[in-house]
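K.L.:
Structure incoming, see below.
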Amino acid sequence: MLKKLLYNERFVGILWVALALATVIQNVILRTKYNNYLIFEGVFWHTIKQLPLYLPYPDEYGDMNHYGIFFSTIIAPFALLPTGMGCALWILANVAFLYWAVRQLPLSKEGIIGILLIAAHDMYTAAAMQQFNISVIALLIVAFVFIEKGKSHWATLFIVIGILTKLYGIVGLAFFFFAKDKWRFVWSGLLWIGLLFCLPMLFSSYEYVISQYQDWFLSISEKNGENMNASLYNLQNLSLLGFLQRTGIYNNNTVVILLGLILFTFPYIRISQYKHLRFRLMFLASVSIFLCLFSTGTENSTYIIAYVGVGIWFMVTPNKNDILKNILLVLAILASLSPTDLFKPLKEPYIIRYSLRAVPVALIWLTLVWEMCFLDYTKPLTNTKETTL
């Protein structure tokens with residue numbers, strides 16, 4: 001009965017709607033506290049007034065903005081509304097975008113439902129913080145889907161949007177090798193960069209936009225340094241980098257990132273596997289997980305990006321070792337629940353302090369990379385809609 005319910009498409013849709021509405025009630029109606037949204041809203045209004053985007057504005061919100069000036073065009077329709085309404089619609093729009101994006105994947109109904117269920121709690125965590133990370137992974141998925149359809153000119157649009165808002169979108173370039181129209185991928189990407197780079201100039205000025213892009217890169221560099229040098233208890237850097245640093249295992253992020261990049265690129269040598277959809281889907285999973293594991297800016301609300309990848313891996317992997325897969329998934333789900341009060345005695349002194357949240361996800365990613373290097377993806381699964389390059 002439970003299994004039948006969980007694999008009911010309508011139930012999963014209702015679950016996502018309920019979780020999204022719960023965060024709206026929590027943020028807008030009960031608490032009326034939405035600091036992150038105020039930061040996002042401020043990007044638009046500060047751009048209109050041509051004020052510096054990367055300075056603190058303590059009278060408006062806590063913390064600081066770290067999004068690119070292009071983000072002002074994304075948040076504009078919401079910022080023009082009353083704050084509470086804008087925040088509510090912002091949360092719902094992000095959740096709806098990801099839900100729609102996952103449904104565009106070339107998978108069967110069961111495969112899509114599995115991904116939505118695995119990612120549901122982290123979607124809720126990110127939505128409760130009004131985070132754009134929900135749309136970051138949606139942008140990557142849509143870029144992948146358009147490449148699958150041979151429409152690289154649209155794929156690069158979503159990649160560039162991701163790059164100019166939070167830089168995370170740059171990992172979408174990993175899909176270049178699967179593009180049927182590689183030259184179109186290149187020229188359309190350059191075209192979109194030029195157009196979207198200049199778009200905020202329509203409601204500010206050339207000099208202002210150029211200066212804010214320069215300040216953005218400085219802001220990102222400074223934030224990265226803060227994350228790496230922060231005290232052991234810190235809600236940032238809940239990544240593999242943070243785990244290795246905080247436990248004292250290894251403290252050189254540059255070396256770890258380079259090793260991670262080497263492992264990430266190993267599967268590219270299996271050119272004969274490119275034509276198999278399952279192999280390409282595993283690259284999408286690898287990209288999303290890699291992004292979280294090797295970023296010092298990773299926090300609990302960032303893991304929605306990784307958990308969509310975890311869901312794809314679990315539903316697509318050709319690994320026949322069900323015991324291993326189920327153990328890894330259970331550990332990942334427990335890690336997903338670690339920010340909740342279920343783990344309250346362990347949360348601050350252990351899970352956050354030592355970035356333990358990253359461990360199960362890292363184990364899945366290492367397993368995924370091994371599978372991509374050695375397993376055969378020739379045989380299509382029943383839960384994929386196989387296409388060839």
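By order of appearance in the structure tokens: chains A, B, ..., then residues from 1 within every chain, and ligands from 1 in the order shown.
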Can you tell me which residues surround Ile147 (chain A) at a distance of at most 9 Å, considering only C-alpha atoms, apart from same-chain residues fewer than 2 positions away, and format the answer as a ChimeraX atom specification?

P.N.:
/A:142-145,149-156,175-176,178-181,185

K.L.:
Which of region 75-138 of chain A counts as alpha helix (DSSP H) under DSSP, as a PyMOL selection string please?

P.N.:
chain A and resi 75-79+83-103+109-128+133-138

K.L.:
What's the separation between CA of Phe78 (chain A) and CA of Gly172 (chain A), in Å to one decimal place?

P.N.:
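Separating CA of Phe78 (chain A) from CA of Gly172 (chain A) is a distance of 26.3 Å.
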
K.L.:
Return the single residue from A:Ile323, A:Ala22, A:Leu140, A:Leu259 that is closest to Ile163 (chain A), with distances computed using only C-alpha atoms.

P.N.:
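Of the candidates, the smallest distance to Ile163 (chain A) is held by A:Leu140.
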
K.L.:
Find, counting only C-alpha atoms, the residue in A:Leu173, A:Leu356, A:Leu235, A:Ala76 that gets nearest to His46 (chain A).

P.N.:
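For His46 (chain A), the nearest of the given residues is A:Ala76.
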
K.L.:
Neighbouring residues of Val255 (chain A) were defined as those with any atom within 12 Å, considering only C-alpha atoms; residues of the same chain fewer than 4 positions away were excluded. Please report them as a list of chain:residue names.

P.N.:
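Selected residues are A:Leu241, A:Leu244, A:Tyr250, A:Asn251, A:Leu259, A:Gly260, A:Leu261, A:Ile262, A:Phe294.
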
K.L.:
Rank A:Thr83, A:Ser135, A:Ser204, A:Ser72 by their smallest atom-to-atom distance to Ile29 (chain A), using only C-alpha atoms, and report the top residue only.

P.N.:
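Nearest candidate to Ile29 (chain A) out of A:Thr83, A:Ser135, A:Ser204, A:Ser72: A:Thr83.
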
K.L.:
Expressed in Å to a single decimal, how great is the separation between CA of Gly194 (chain A) and CA of Gly225 (chain A)?

P.N.:
29.5 Å

K.L.:
For each of A:Ile141, A:Glu299, A:Ile305, A:Ile327, take the minimum atom-to-atom distance to Ile352 (chain A), counting only C-alpha atoms, then give the residue where this is smallest.

P.N.:
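The shortest atom-to-atom distance to Ile352 (chain A) comes from A:Glu299.
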
K.L.:
Which residue, A:Gly114, A:Tyr37, A:Ser286, A:Ile312, has the smallest gap to Asn8 (chain A) when you use only C-alpha atoms?

P.N.:
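Looking only at the distances to Asn8 (chain A), the closest residue turns out to be A:Gly114.
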
K.L.:
Can you tell me which residues surround region 331-344 of chain A at a distance of at most 9 Å, considering only C-alpha atoms, apart from same-chain residues fewer than 5 positions away, and format the answer as a PyMOL selection string?

P.N.:
chain A and resi 118-119+121-122+125+300+303+307+310+326+351-352+356-361+364

K.L.:
Could you work out how far CA of Leu98 (chain A) lies from CA of Lys325 (chain A), giving the answer in Å with one decimal?

P.N.:
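CA of Leu98 (chain A) lies at a distance of 24.7 Å from CA of Lys325 (chain A).
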
K.L.:
Using only C-alpha atoms, which protein or nucleic acid residues come within 10 Å of Ala174 (chain A)? Drop anything in the same chain fewer than 3 positions from it, and give the result as a VMD selection string.

P.N.:
chain A and resid 144 170 to 171 177 to 178 264 to 265 268 283 to 284 287

K.L.:
Could you write out the selected residues, including N, CA and C atoms, as a short mmCIF file (atom, residue, chain, number, x, y, z; two decimals), in the first residue's frame?

P.N.:
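To be explicit, this is the file written out as out.cif:
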data_model
loop_
_atom_site.label_atom_id
_atom_site.label_comp_id
_atom_site.auth_asym_id
_atom_site.auth_seq_id
_atom_site.Cartn_x
_atom_site.Cartn_y
_atom_site.Cartn_z
N PHE A 144 20.44 20.39 -19.96
CA PHE A 144 20.69 19.00 -20.37
C PHE A 144 19.59 18.51 -21.31
N ILE A 170 28.29 27.32 -14.52
CA ILE A 170 29.44 26.99 -15.35
C ILE A 170 29.64 25.49 -15.49
N VAL A 171 29.15 24.71 -14.53
CA VAL A 171 29.30 23.26 -14.63
C VAL A 171 28.47 22.69 -15.77
N PHE A 177 30.22 17.99 -24.62
CA PHE A 177 30.64 16.80 -25.39
C PHE A 177 29.46 15.97 -25.86
N PHE A 178 28.29 16.21 -25.31
CA PHE A 178 27.10 15.46 -25.73
C PHE A 178 26.26 16.23 -26.73
N PHE A 264 36.32 13.56 -11.81
CA PHE A 264 35.13 13.93 -12.58
C PHE A 264 35.32 13.71 -14.08
N THR A 265 36.53 14.00 -14.57
CA THR A 265 36.77 13.91 -16.01
C THR A 265 37.12 12.50 -16.48
N TYR A 268 34.97 10.73 -19.11
CA TYR A 268 34.95 11.26 -20.47
C TYR A 268 35.75 10.40 -21.46
N PHE A 283 26.15 11.67 -16.05
CA PHE A 283 26.96 12.89 -16.05
C PHE A 283 26.18 14.05 -15.42
N LEU A 284 24.89 14.14 -15.72
CA LEU A 284 24.07 15.16 -15.08
C LEU A 284 24.07 14.97 -13.57
N VAL A 287 27.57 16.00 -12.21
CA VAL A 287 27.75 17.45 -12.20
C VAL A 287 27.07 18.08 -11.00
#
